[in-house]
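> You'll find work17.cif just under this line, and it carries mmCIF, C-alpha atoms.
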```
data_my_file
loop_
_atom_site.label_atom_id
_atom_site.label_comp_id
_atom_site.auth_asym_id
_atom_site.auth_seq_id
_atom_site.Cartn_x
_atom_site.Cartn_y
_atom_site.Cartn_z
CA MET F 1 73.15 111.63 72.78
CA TYR F 2 73.26 108.02 71.57
CA ARG F 3 77.06 108.18 71.34
CA THR F 4 77.31 109.59 74.86
CA LEU F 5 75.17 106.80 76.25
CA LEU F 6 77.24 104.22 74.36
CA CYS F 7 80.48 105.66 75.78
CA LEU F 8 78.99 105.68 79.27
CA PHE F 9 77.90 102.06 78.90
CA ALA F 10 81.34 101.06 77.63
CA ALA F 11 82.98 102.89 80.51
CA ILE F 12 80.80 101.03 83.00
CA LEU F 13 81.62 97.71 81.34
CA LEU F 14 85.37 98.42 81.30
CA ASN F 15 85.25 99.48 84.92
CA GLY F 16 84.01 96.01 85.74
CA CYS F 17 86.94 94.35 83.95
CA GLY F 18 89.99 93.07 85.76
CA ILE F 19 90.88 90.17 87.98
CA ASP F 20 88.08 89.03 90.25
CA TYR F 21 89.40 89.07 93.82
CA VAL F 22 87.70 87.66 96.91
CA GLY F 23 88.71 90.07 99.65
CA SER F 24 87.48 87.91 102.52
CA THR F 25 89.67 84.94 101.56
CA LYS F 26 93.35 85.34 102.32
CA TYR F 27 96.00 82.96 101.01
CA ILE F 28 99.42 82.57 102.56
CA PHE F 29 102.48 81.63 100.51
CA LYS F 30 105.67 80.98 102.43
CA GLY F 31 109.01 79.26 102.14
CA ARG F 32 112.74 79.58 102.59
CA ILE F 33 115.56 80.46 100.20
CA GLU F 34 118.99 78.88 100.62
CA ASP F 35 122.22 78.76 98.68
CA ALA F 36 123.83 75.56 97.48
CA SER F 37 125.59 75.16 100.84
CA GLY F 38 122.34 75.40 102.77
CA TRP F 39 122.89 78.92 104.08
CA PRO F 40 119.88 81.27 104.06
CA ILE F 41 119.93 84.07 101.49
CA PRO F 42 118.49 87.31 102.90
CA ASN F 43 116.81 90.10 100.95
CA ILE F 44 115.74 87.98 97.96
CA GLU F 45 112.62 89.24 96.22
CA VAL F 46 109.66 86.82 96.06
CA ALA F 47 106.44 87.75 94.29
CA THR F 48 103.10 86.12 93.53
CA PHE F 49 101.91 86.85 90.03
CA VAL F 50 98.33 86.27 88.84
CA SER F 51 96.93 86.58 85.33
CA ASP F 52 93.50 86.01 83.83
CA GLY F 53 94.81 86.24 80.29
CA ASN F 54 93.92 89.90 79.88
CA THR F 55 95.09 91.47 83.12
CA SER F 56 97.95 90.56 85.41
CA ASP F 57 98.93 91.62 88.92
CA VAL F 58 101.79 91.14 91.30
CA ILE F 59 99.43 90.57 94.21
CA GLY F 60 101.84 89.13 96.78
CA TYR F 61 105.31 90.39 97.57
CA ASP F 62 108.00 89.90 100.18
CA ARG F 63 111.74 89.86 100.65
CA THR F 64 113.48 87.11 102.55
CA ASP F 65 114.51 87.93 106.09
CA SER F 66 117.90 87.18 107.66
CA ASP F 67 116.89 83.52 108.00
CA GLY F 68 115.93 83.30 104.33
CA ASN F 69 112.22 83.04 105.13
CA TYR F 70 109.44 84.74 103.20
CA THR F 71 105.71 85.03 103.85
CA MET F 72 103.14 86.85 101.78
CA ILE F 73 99.40 87.15 102.27
CA PHE F 74 96.99 88.21 99.58
CA PRO F 75 93.33 87.88 98.56
CA LYS F 76 92.12 84.92 96.55
CA ALA F 77 91.67 85.52 92.83
CA ARG F 78 89.17 83.63 90.70
CA ASN F 79 90.01 82.04 87.34
CA VAL F 80 93.66 83.04 87.16
CA GLU F 81 97.00 81.46 86.45
CA THR F 82 99.19 81.83 89.51
CA SER F 83 102.99 81.80 89.62
CA LEU F 84 105.63 82.42 92.25
CA TYR F 85 108.66 84.41 91.12
CA ILE F 86 111.79 83.93 93.20
CA ASN F 87 114.52 86.41 92.26
CA SER F 88 112.97 86.47 88.78
CA GLU F 89 112.48 89.53 86.64
CA PHE F 90 109.13 91.21 86.13
CA TYR F 91 108.16 94.82 85.61
CA GLY F 92 109.43 96.79 88.58
CA SER F 93 111.41 93.92 90.08
CA HIS F 94 114.74 94.31 91.87
CA ILE F 95 116.52 91.00 91.59
CA ASN F 96 119.85 90.07 93.11
CA PRO F 97 122.04 89.61 90.00
CA SER F 98 124.50 87.36 91.82
CA TYR F 99 121.95 84.58 92.07
CA SER F 100 119.82 82.64 89.64
CA GLY F 101 116.02 82.78 89.77
CA ILE F 102 113.13 80.34 89.84
CA SER F 103 109.57 80.68 88.57
CA ILE F 104 107.07 78.21 89.99
CA ILE F 105 104.14 78.05 87.61
CA ASN F 106 100.70 76.41 87.40
CA ILE F 107 99.74 76.96 91.05
CA ASN F 108 96.05 76.14 91.31
CA GLN F 109 94.32 78.46 93.78
CA GLN F 110 91.33 76.12 93.94
CA GLU F 111 93.42 73.37 95.52
CA ILE F 112 95.13 75.18 98.38
CA ASP F 113 94.75 73.34 101.68
CA ASN F 114 94.13 75.44 104.79
CA TYR F 115 94.62 78.58 102.67
CA THR F 116 98.40 78.05 102.83
CA ILE F 117 101.16 76.81 100.55
CA ASN F 118 104.55 76.18 102.09
CA PHE F 119 106.96 75.90 99.17
CA GLY F 120 109.66 74.59 101.48
CA ILE F 121 113.29 75.24 100.66
CA SER F 122 114.18 76.69 97.27
CA THR F 123 117.87 76.60 96.39
CA LEU F 124 119.41 79.44 94.43
CA TYR F 125 122.88 79.04 92.97
CA ARG F 126 125.36 81.80 92.43
CA ASN F 127 125.47 82.47 88.71
CA GLN F 128 129.25 82.14 88.80
CA ASP F 129 128.85 78.58 90.14
CA LEU F 130 126.62 77.44 87.28
CA ILE F 131 127.44 76.07 83.87
CA SER F 132 125.33 75.17 80.88
CA PHE F 133 124.61 71.47 80.31
CA ARG F 134 123.17 70.43 76.94
CA ILE F 135 122.09 67.01 75.67
CA ASN F 136 122.06 66.19 71.97
CA LEU F 137 119.56 63.39 71.40
CA ILE F 138 120.73 60.96 68.71
CA ASN F 139 118.28 58.21 67.81
CA LEU F 140 120.15 55.25 66.35
CA SER F 141 117.51 52.58 67.08
CA ASN F 142 114.45 54.31 65.65
CA ILE F 143 112.73 53.69 69.01
CA PRO F 144 111.36 56.99 70.30
CA LEU F 145 112.58 58.44 73.57
CA VAL F 146 109.58 59.04 75.83
CA ASN F 147 111.13 60.23 79.08
CA LEU F 148 114.39 61.74 80.28
CA GLN F 149 115.29 62.73 83.81
CA VAL F 150 118.41 64.56 84.95
CA THR F 151 119.25 64.28 88.65
CA GLY F 152 121.83 66.36 90.48
CA GLN F 153 122.35 69.97 91.47
CA LEU F 154 120.20 71.67 88.85
CA GLN F 155 118.98 75.22 88.73
CA GLU F 156 115.59 74.89 87.12
CA SER F 157 114.47 78.34 86.08
CA VAL F 158 110.86 77.21 85.58
CA VAL F 159 109.24 74.62 87.82
CA ASP F 160 105.74 73.23 87.41
CA TYR F 161 104.04 73.30 90.81
CA SER F 162 102.14 70.10 90.13
CA ALA F 163 105.49 68.37 89.47
CA MET F 164 106.77 69.66 92.84
CA LEU F 165 104.02 67.68 94.53
CA LEU F 166 105.32 64.44 93.02
CA ASP F 167 108.27 62.57 94.50
CA ASP F 168 111.63 62.68 92.75
CA SER F 169 111.64 59.03 91.72
CA PHE F 170 111.80 58.25 88.04
CA ASN F 171 108.31 57.58 86.80
CA PRO F 172 108.13 55.66 83.52
CA GLU F 173 104.45 56.58 83.20
CA GLU F 174 105.34 60.25 83.06
CA THR F 175 105.85 60.74 79.36
CA TYR F 176 106.35 63.82 77.28
CA THR F 177 103.23 63.46 75.20
CA ASN F 178 103.76 66.75 73.44
CA GLY F 179 107.06 65.46 72.08
CA TYR F 180 109.15 68.07 73.88
CA ILE F 181 111.92 66.70 76.06
CA PRO F 182 114.01 69.32 77.90
CA THR F 183 117.63 69.07 76.88
CA GLU F 184 119.16 72.28 78.23
CA TYR F 185 119.92 72.85 81.90
CA MET F 186 121.86 75.12 84.19
CA VAL F 187 123.78 72.91 86.61
CA ALA F 188 126.28 73.39 89.43
CA LYS F 189 129.96 72.94 88.66
CA ASN F 190 131.99 69.95 89.81
CA GLN F 191 129.40 67.21 90.31
CA THR F 192 128.18 64.02 88.70
CA LEU F 193 124.78 64.12 87.07
CA ILE F 194 122.62 61.04 86.65
CA LEU F 195 120.61 60.69 83.43
CA LYS F 196 117.73 58.21 83.31
CA TYR F 197 115.81 57.74 80.11
CA LEU F 198 112.94 55.62 78.91
CA LEU F 199 112.38 54.38 75.38
CA ALA F 200 109.03 53.57 73.84
CA ASP F 201 109.76 49.81 74.03
CA GLY F 202 109.99 50.08 77.83
CA THR F 203 113.76 50.05 78.10
CA ILE F 204 115.09 52.17 80.97
CA SER F 205 118.76 53.20 80.90
CA GLU F 206 121.00 55.17 83.25
CA LEU F 207 124.12 57.20 82.62
CA ASN F 208 126.53 59.05 84.94
CA VAL F 209 127.87 62.34 83.58
CA PRO F 210 130.79 64.04 85.38
CA VAL F 211 130.59 67.81 85.19
CA GLY F 212 133.58 70.11 85.61
CA THR F 213 133.88 73.86 85.47
CA GLU F 214 133.18 74.42 81.78
CA ASN F 215 129.94 74.37 79.83
CA LEU F 216 129.20 70.82 78.71
CA THR F 217 127.39 69.23 75.76
CA ILE F 218 126.96 65.45 75.48
CA ASN F 219 125.56 63.19 72.81
CA LEU F 220 122.96 60.73 74.10
CA GLU F 221 122.74 57.84 71.65
CA TYR F 222 119.88 55.39 72.00
CA MET B 1 80.64 124.35 163.49
CA LYS B 2 77.50 126.31 162.66
CA LYS B 3 79.49 128.35 160.15
CA ILE B 4 80.74 125.20 158.46
CA LEU B 5 77.25 123.72 158.29
CA LEU B 6 75.87 126.99 156.93
CA SER B 7 78.58 127.12 154.32
CA LEU B 8 77.87 123.52 153.24
CA VAL B 9 74.15 124.24 152.94
CA LEU B 10 74.85 127.34 150.85
CA ILE B 11 77.33 125.52 148.57
CA THR B 12 74.92 122.60 148.12
CA GLY B 13 72.08 124.97 147.34
CA ILE B 14 74.09 126.98 144.82
CA THR B 15 75.37 123.81 143.12
CA ALA B 16 71.83 122.40 142.87
CA MET B 17 70.57 125.66 141.34
CA ALA B 18 73.44 125.70 138.85
CA GLN B 19 72.79 122.07 137.91
CA ASP B 20 69.10 122.85 137.47
CA THR B 21 69.96 125.78 135.21
CA ILE B 22 72.34 123.67 133.08
CA GLN B 23 69.81 120.88 132.70
CA LYS B 24 67.13 123.26 131.52
CA LYS B 25 69.09 124.51 128.50
CA THR B 26 68.48 122.86 125.16
CA ASN B 27 71.17 120.33 124.28
CA THR B 28 69.52 118.58 121.38
CA GLU B 29 71.84 118.03 118.41
CA TYR B 30 70.42 117.22 115.00
CA PHE B 31 73.44 116.85 112.75
CA ARG B 32 77.16 116.33 113.08
CA LEU B 33 79.90 116.50 110.46
CA TYR B 34 83.37 115.46 111.48
CA TYR B 35 86.93 114.72 110.45
CA VAL B 36 88.53 111.44 111.50
CA PHE B 37 92.15 110.73 112.37
CA PRO B 38 92.00 106.95 111.88
CA LYS B 39 94.40 104.65 113.70
CA GLY B 40 94.57 100.89 113.94
CA ILE B 41 95.64 99.46 117.28
CA GLY B 42 96.47 95.97 118.52
CA ASN B 43 97.73 93.01 116.52
CA ASN B 44 95.78 93.14 113.29
CA VAL B 45 96.29 94.11 109.66
CA LEU B 46 95.12 97.69 110.15
CA ALA B 47 97.60 98.30 112.94
CA LYS B 48 100.56 96.31 111.61
CA ALA B 49 100.36 96.86 107.85
CA ASN B 50 98.53 100.18 107.40
CA ASN B 51 98.86 103.80 108.44
CA GLY B 52 95.75 105.92 108.91
CA VAL B 53 95.52 108.84 106.47
CA ALA B 54 92.19 110.61 106.99
CA GLY B 55 88.50 110.09 107.27
CA ILE B 56 85.18 111.88 107.29
CA GLY B 57 81.86 111.15 108.91
CA LEU B 58 78.40 112.52 109.32
CA ALA B 59 75.50 111.61 111.56
CA VAL B 60 71.91 112.71 112.00
CA THR B 61 69.58 112.42 114.96
CA LEU B 62 66.54 110.27 114.29
CA TYR B 63 64.86 110.81 117.64
CA SER B 64 65.70 112.43 120.94
CA ILE B 65 64.20 112.52 124.37
CA ASP B 66 65.88 114.83 126.83
CA GLU B 67 69.58 114.04 126.62
CA LEU B 68 69.20 110.67 124.91
CA HIS B 69 69.55 110.69 121.12
CA LEU B 70 69.08 107.90 118.61
CA ILE B 71 71.39 108.51 115.67
CA THR B 72 72.45 107.09 112.32
CA GLY B 73 75.59 107.94 110.42
CA TYR B 74 78.26 107.03 107.91
CA GLU B 75 82.00 107.14 108.37
CA PHE B 76 84.69 106.64 105.73
CA SER B 77 88.42 106.40 106.35
CA GLU B 78 91.50 105.89 104.23
CA TYR B 79 94.61 103.95 105.24
CA LYS B 80 97.87 103.67 103.34
CA VAL B 81 99.31 100.15 103.11
CA THR B 82 102.80 100.08 104.65
CA ASP B 83 103.57 96.35 104.65
CA ILE B 84 102.65 94.72 101.37
CA SER B 85 103.76 91.27 102.51
CA LEU B 86 100.92 91.26 105.07
CA ALA B 87 98.28 93.41 103.39
CA ALA B 88 98.92 92.34 99.75
CA ASN B 89 100.58 94.42 97.07
CA VAL B 90 98.00 97.22 97.10
CA LYS B 91 98.20 100.93 97.81
CA ASN B 92 95.26 101.73 100.03
CA THR B 93 92.76 100.23 102.42
CA TYR B 94 89.40 101.98 102.74
CA ILE B 95 87.13 101.53 105.73
CA SER B 96 83.44 102.42 105.79
CA ASN B 97 80.93 102.09 108.59
CA LEU B 98 77.18 102.67 108.27
CA TYR B 99 75.96 102.80 111.84
CA PHE B 100 73.00 103.23 114.16
CA GLY B 101 73.28 103.96 117.84
CA ALA B 102 72.53 106.09 120.81
CA LEU B 103 74.27 108.98 122.47
CA TYR B 104 73.71 110.59 125.81
CA LYS B 105 74.65 114.19 126.53
CA ILE B 106 75.87 115.18 129.94
CA PRO B 107 75.99 118.94 130.52
CA LEU B 108 79.20 120.10 132.15
CA THR B 109 78.74 123.87 132.03
CA HIS B 110 76.60 126.31 130.06
CA LYS B 111 78.94 125.96 127.10
CA LEU B 112 80.39 122.47 127.51
CA ASP B 113 78.72 119.08 127.08
CA LEU B 114 80.16 115.63 127.43
CA THR B 115 78.62 113.19 124.97
CA THR B 116 78.90 109.43 125.37
CA LYS B 117 77.78 107.15 122.61
CA PHE B 118 77.57 103.57 121.41
CA THR B 119 76.92 102.52 117.83
CA VAL B 120 76.54 99.29 115.92
CA GLY B 121 77.43 99.39 112.26
CA ALA B 122 77.84 97.58 108.96
CA PHE B 123 81.60 97.67 108.44
CA THR B 124 83.37 97.25 105.09
CA VAL B 125 87.07 96.85 104.31
CA ASN B 126 87.91 97.63 100.71
CA GLN B 127 91.39 97.46 99.17
CA LYS B 128 92.27 99.41 96.04
CA SER B 129 95.23 100.56 93.97
CA ASP B 130 94.20 103.39 91.69
CA SER B 131 91.30 101.86 89.75
CA THR B 132 92.08 98.21 90.59
CA LYS B 133 89.89 96.65 93.25
CA TYR B 134 91.03 93.75 95.41
CA GLY B 135 87.77 92.63 96.97
CA LYS B 136 85.88 93.53 100.12
CA GLN B 137 85.29 92.21 103.62
CA HIS B 138 82.01 92.85 105.40
CA GLY B 139 81.06 92.48 109.04
CA PRO B 140 79.64 94.18 112.12
CA ALA B 141 81.35 96.95 114.07
CA PHE B 142 80.79 98.11 117.64
CA THR B 143 81.90 101.59 118.57
CA PRO B 144 81.78 103.12 122.02
CA GLY B 145 83.12 106.64 122.27
CA PHE B 146 82.84 110.06 123.75
CA ASP B 147 83.36 113.67 122.82
CA VAL B 148 83.31 117.08 124.42
CA ASP B 149 81.55 119.88 122.58
CA PHE B 150 81.65 123.62 123.02
CA ASN B 151 78.74 125.85 122.15
CA ILE B 152 79.86 128.68 119.85
CA ILE B 153 76.61 130.40 118.97
CA GLY B 154 73.00 129.30 118.88
CA GLN B 155 72.95 125.56 118.27
CA LEU B 156 76.34 125.50 116.60
CA ARG B 157 78.95 123.54 118.52
CA ILE B 158 82.45 122.32 117.86
CA PHE B 159 83.60 119.06 119.29
CA ALA B 160 86.51 116.67 119.67
CA GLY B 161 86.41 113.11 120.87
CA VAL B 162 87.71 109.56 120.76
CA ASP B 163 86.02 106.45 119.36
CA TYR B 164 87.12 102.88 119.90
CA CYS B 165 85.89 100.60 117.14
CA LEU B 166 85.86 96.80 117.23
CA ALA B 167 85.13 95.39 113.78
CA LEU B 168 84.66 91.75 112.89
CA PRO B 169 84.80 91.44 109.08
CA ALA B 170 84.21 87.96 107.64
CA THR B 171 87.54 86.27 106.97
CA HIS B 172 88.45 82.90 105.50
CA THR B 173 92.09 82.02 106.06
CA SER B 174 94.29 79.77 108.15
CA GLY B 175 93.74 79.80 111.91
CA GLU B 176 97.07 81.55 112.38
CA TYR B 177 95.85 84.69 110.59
CA LYS B 178 92.08 84.56 111.15
CA SER B 179 92.15 87.04 114.01
CA PHE B 180 94.74 89.19 112.27
CA PHE B 181 92.31 89.93 109.42
CA GLY B 182 89.01 89.26 111.18
CA THR B 183 89.28 91.21 114.45
CA LEU B 184 90.16 94.83 113.82
CA HIS B 185 90.63 97.50 116.46
CA GLN B 186 90.65 101.20 115.79
CA LEU B 187 91.14 104.16 118.10
CA ASN B 188 89.94 107.14 116.11
CA ILE B 189 90.17 110.78 117.10
CA THR B 190 87.27 112.82 115.76
CA THR B 191 86.69 116.54 115.52
CA GLY B 192 84.01 118.56 113.82
CA ILE B 193 80.84 120.57 114.15
CA LYS B 194 77.34 119.72 115.33
CA PHE B 195 74.08 121.61 115.44
#
```
Could you rewrite the structure in this file as structure tokens?

Amino acid sequence: MYRTLLCLFAAILLNGCGIDYVGSTKYIFKGRIEDASGWPIPNIEVATFVSDGNTSDVIGYDRTDSDGNYTMIFPKARNVETSLYINSEFYGSHINPSYSGISIININQQEIDNYTINFGISTLYRNQDLISFRINLINLSNIPLVNLQVTGQLQESVVDYSAMLLDDSFNPEETYTNGYIPTEYMVAKNQTLILKYLLADGTISELNVPVGTENLTINLEY
Amino acid sequence: MKKILLSLVLITGITAMAQDTIQKKTNTEYFRLYYVFPKGIGNNVLAKANNGVAGIGLAVTLYSIDELHLITGYEFSEYKVTDISLAANVKNTYISNLYFGALYKIPLTHKLDLTTKFTVGAFTVNQKSDSTKYGKQHGPAFTPGFDVDFNIIGQLRIFAGVDYCLALPATHTSGEYKSFFGTLHQLNITTGIKF
């Protein structure tokens, strides 16, 4: 009898687990997907993913229309991490393998104005038009590198939403306090990349890097 | 001319007697159990992103005086989500309505009654996929409707009718979609038994 009651109690508790949704509050995520030439890409899968650490859901879902636009509406979720997957793989996804994908992470549902986020234009590159670009950091001066920015036609597979809200200008105050500086990128072929980097003594330097059609690795000495 | 006048008097007299006879029969209904064919109409999430599956309802008479009945009831309907971009990535939408209202029965013949009704209810929209729940919306609902019933035997009647339901569940979203989620219209066909 005691065991039965315990099981019943556990069942009731487990039934209450899961992401806490607010059905009366509806959020709208929308945007547009284009290729590198600015043409809309139709039929690209876009999904909103939420996770509370224990449970996760794909709560919002759409495919781009003929104009490359997507719109998805879904109920608010409390205390979750929210991400937007654009042509990115998740369980049950159907990505377009010709194009790269983007995951926009760290979307804070508590700070959504007018219940809507317009992600604007997201550019997807054809995989065949991308090459790998790698930077080997070589410290000759013993002065630590605190910031590095690569500007050009980049395909960032993971984008922090809070960083999207900032402008693209090089911000010396933005330092990599955890010591991790990204050094591997997927970039479009046949362009010139601009590298800006900041050393701990305040020195800011800039470097132009021509990119061809082959994967590229450079040594950045500072 | 006299013949015409005589005929009119006779027809009027017969009609009045028939009406008197119909009105004297007992039309009180105490209980109704019915099946619902739910359907969303208009420009709202029920109509544009859901398909009605089925529903069930029951109502009891609290008080009646002649043909006027005061009733209470509960109705539950299931919709299947057809557009997950609008209605979220869920499988089903469930609608419930706990209502109070009045109905008025108008005898048509010995066997047939027309029933008009108006109810006010507590309306709930609930979205679920299997065991996962996606929150609820609550609000009032106003439902005028009518049905025609046919007396089979004793007090037992079968009926079929149409209900229009305007529901206003609480919604917090951008102005562009407030009406889409917060003003729902249904045109439900109902059929069942009453006694």
> Run the PyMOL selection byres ((chain B) within 10 of (chain F)) against the file shown and list the residues it catches, as a VMD selection string.
chain B and resid 83 to 90 125 to 127 131 to 138 169 to 175 177 to 178 181 to 182
> Between atom CA of F:Asn127 and atom CA of F:Asp67, what is the distance in Å, rounded to a tenth?
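Answer for the atom CA of F:Asn127 to atom CA of F:Asp67 separation: 21.1 Å.
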> List the residues matched by the PyMOL selection byres ((chain B and resi 146) around 9) in the displayed structure as a PyMOL selection string, ordered by chain and then by residue number.
chain B and resi 103+114-118+144-145+147-148+160-163
> Give me the result of the PyMOL selection byres ((chain B and resi 49) around 7) on this file, residue by residue, as a ChimeraX atom specification.
/B:45-48,50,81-83,86-87
> Generate the output file for the selected residues, C-alpha atoms, as a CSV table (one decimal), in the frame of the given file.

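Contents of part-v5.csv, freshly written:
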```
chain,number,residue,atom,x,y,z
B,45,VAL,CA,96.3,94.1,109.7
B,46,LEU,CA,95.1,97.7,110.2
B,47,ALA,CA,97.6,98.3,112.9
B,48,LYS,CA,100.6,96.3,111.6
B,50,ASN,CA,98.5,100.2,107.4
B,81,VAL,CA,99.3,100.2,103.1
B,82,THR,CA,102.8,100.1,104.6
B,83,ASP,CA,103.6,96.4,104.6
B,86,LEU,CA,100.9,91.3,105.1
B,87,ALA,CA,98.3,93.4,103.4
```
> When you count only C-alpha atoms, which of these residues is closest to F:Ser157: F:Glu34, F:Asp65, F:Glu89, F:Asp129?
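So, comparing all the options, the nearest one is F:Glu89.
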> Which neighbours of stretch 74-80 of chain B fall inside 8 Å, counting all atoms listed in the file, when residues of the same chain fewer than 2 positions from it are skipped, and could you give them as a PyMOL selection string?
chain B and resi 36+38+46+50-59+72+82+91-99
> Missing atoms in stretch 94-119 of chain B: fill them in up to N, CA and C atoms and send the result as a compact mmCIF listing (two decimals), keeping the file's coordinate frame.

```
# COMPACT_ATOMS: atom_id res chain seq x y z
N TYR B 94 90.48 101.04 102.41
CA TYR B 94 89.40 101.98 102.74
C TYR B 94 88.41 101.31 103.70
N ILE B 95 88.03 102.05 104.71
CA ILE B 95 87.13 101.53 105.73
C ILE B 95 85.85 102.36 105.69
N SER B 96 84.70 101.69 105.66
CA SER B 96 83.44 102.42 105.79
C SER B 96 82.59 101.77 106.86
N ASN B 97 81.78 102.58 107.49
CA ASN B 97 80.93 102.09 108.59
C ASN B 97 79.60 102.83 108.56
N LEU B 98 78.54 102.11 108.23
CA LEU B 98 77.18 102.67 108.27
C LEU B 98 76.56 102.24 109.60
N TYR B 99 76.29 103.20 110.47
CA TYR B 99 75.96 102.80 111.84
C TYR B 99 74.66 103.41 112.35
N PHE B 100 74.13 102.73 113.37
CA PHE B 100 73.00 103.23 114.16
C PHE B 100 73.43 103.15 115.62
N GLY B 101 72.88 104.03 116.44
CA GLY B 101 73.28 103.96 117.84
C GLY B 101 72.59 105.02 118.67
N ALA B 102 73.10 105.13 119.87
CA ALA B 102 72.53 106.09 120.81
C ALA B 102 73.65 106.91 121.42
N LEU B 103 73.32 108.15 121.74
CA LEU B 103 74.27 108.98 122.47
C LEU B 103 73.53 109.67 123.62
N TYR B 104 74.29 109.94 124.63
CA TYR B 104 73.71 110.59 125.81
C TYR B 104 74.57 111.80 126.16
N LYS B 105 73.92 112.94 126.30
CA LYS B 105 74.65 114.19 126.53
C LYS B 105 74.61 114.54 128.01
N ILE B 106 75.76 114.81 128.53
CA ILE B 106 75.87 115.18 129.94
C ILE B 106 76.38 116.62 130.02
N PRO B 107 75.54 117.54 130.44
CA PRO B 107 75.99 118.94 130.52
C PRO B 107 77.07 119.10 131.58
N LEU B 108 78.11 119.82 131.21
CA LEU B 108 79.20 120.10 132.15
C LEU B 108 79.10 121.54 132.65
N THR B 109 78.95 122.46 131.70
CA THR B 109 78.74 123.87 132.03
C THR B 109 77.71 124.40 131.03
N HIS B 110 77.51 125.70 131.04
CA HIS B 110 76.60 126.31 130.06
C HIS B 110 77.07 126.07 128.63
N LYS B 111 78.38 126.05 128.46
CA LYS B 111 78.94 125.96 127.10
C LYS B 111 79.44 124.56 126.75
N LEU B 112 79.73 123.76 127.75
CA LEU B 112 80.39 122.47 127.51
C LEU B 112 79.44 121.31 127.80
N ASP B 113 79.44 120.33 126.86
CA ASP B 113 78.72 119.08 127.08
C ASP B 113 79.68 117.91 126.88
N LEU B 114 79.49 116.90 127.67
CA LEU B 114 80.16 115.63 127.43
C LEU B 114 79.14 114.70 126.78
N THR B 115 79.53 114.08 125.67
CA THR B 115 78.62 113.19 124.97
C THR B 115 79.21 111.79 124.96
N THR B 116 78.47 110.84 125.47
CA THR B 116 78.90 109.43 125.37
C THR B 116 78.02 108.76 124.34
N LYS B 117 78.58 107.78 123.66
CA LYS B 117 77.78 107.15 122.61
C LYS B 117 78.17 105.69 122.43
N PHE B 118 77.28 104.95 121.80
CA PHE B 118 77.57 103.57 121.41
C PHE B 118 76.82 103.30 120.11
N THR B 119 77.57 102.81 119.12
CA THR B 119 76.92 102.52 117.83
C THR B 119 77.24 101.10 117.39
```
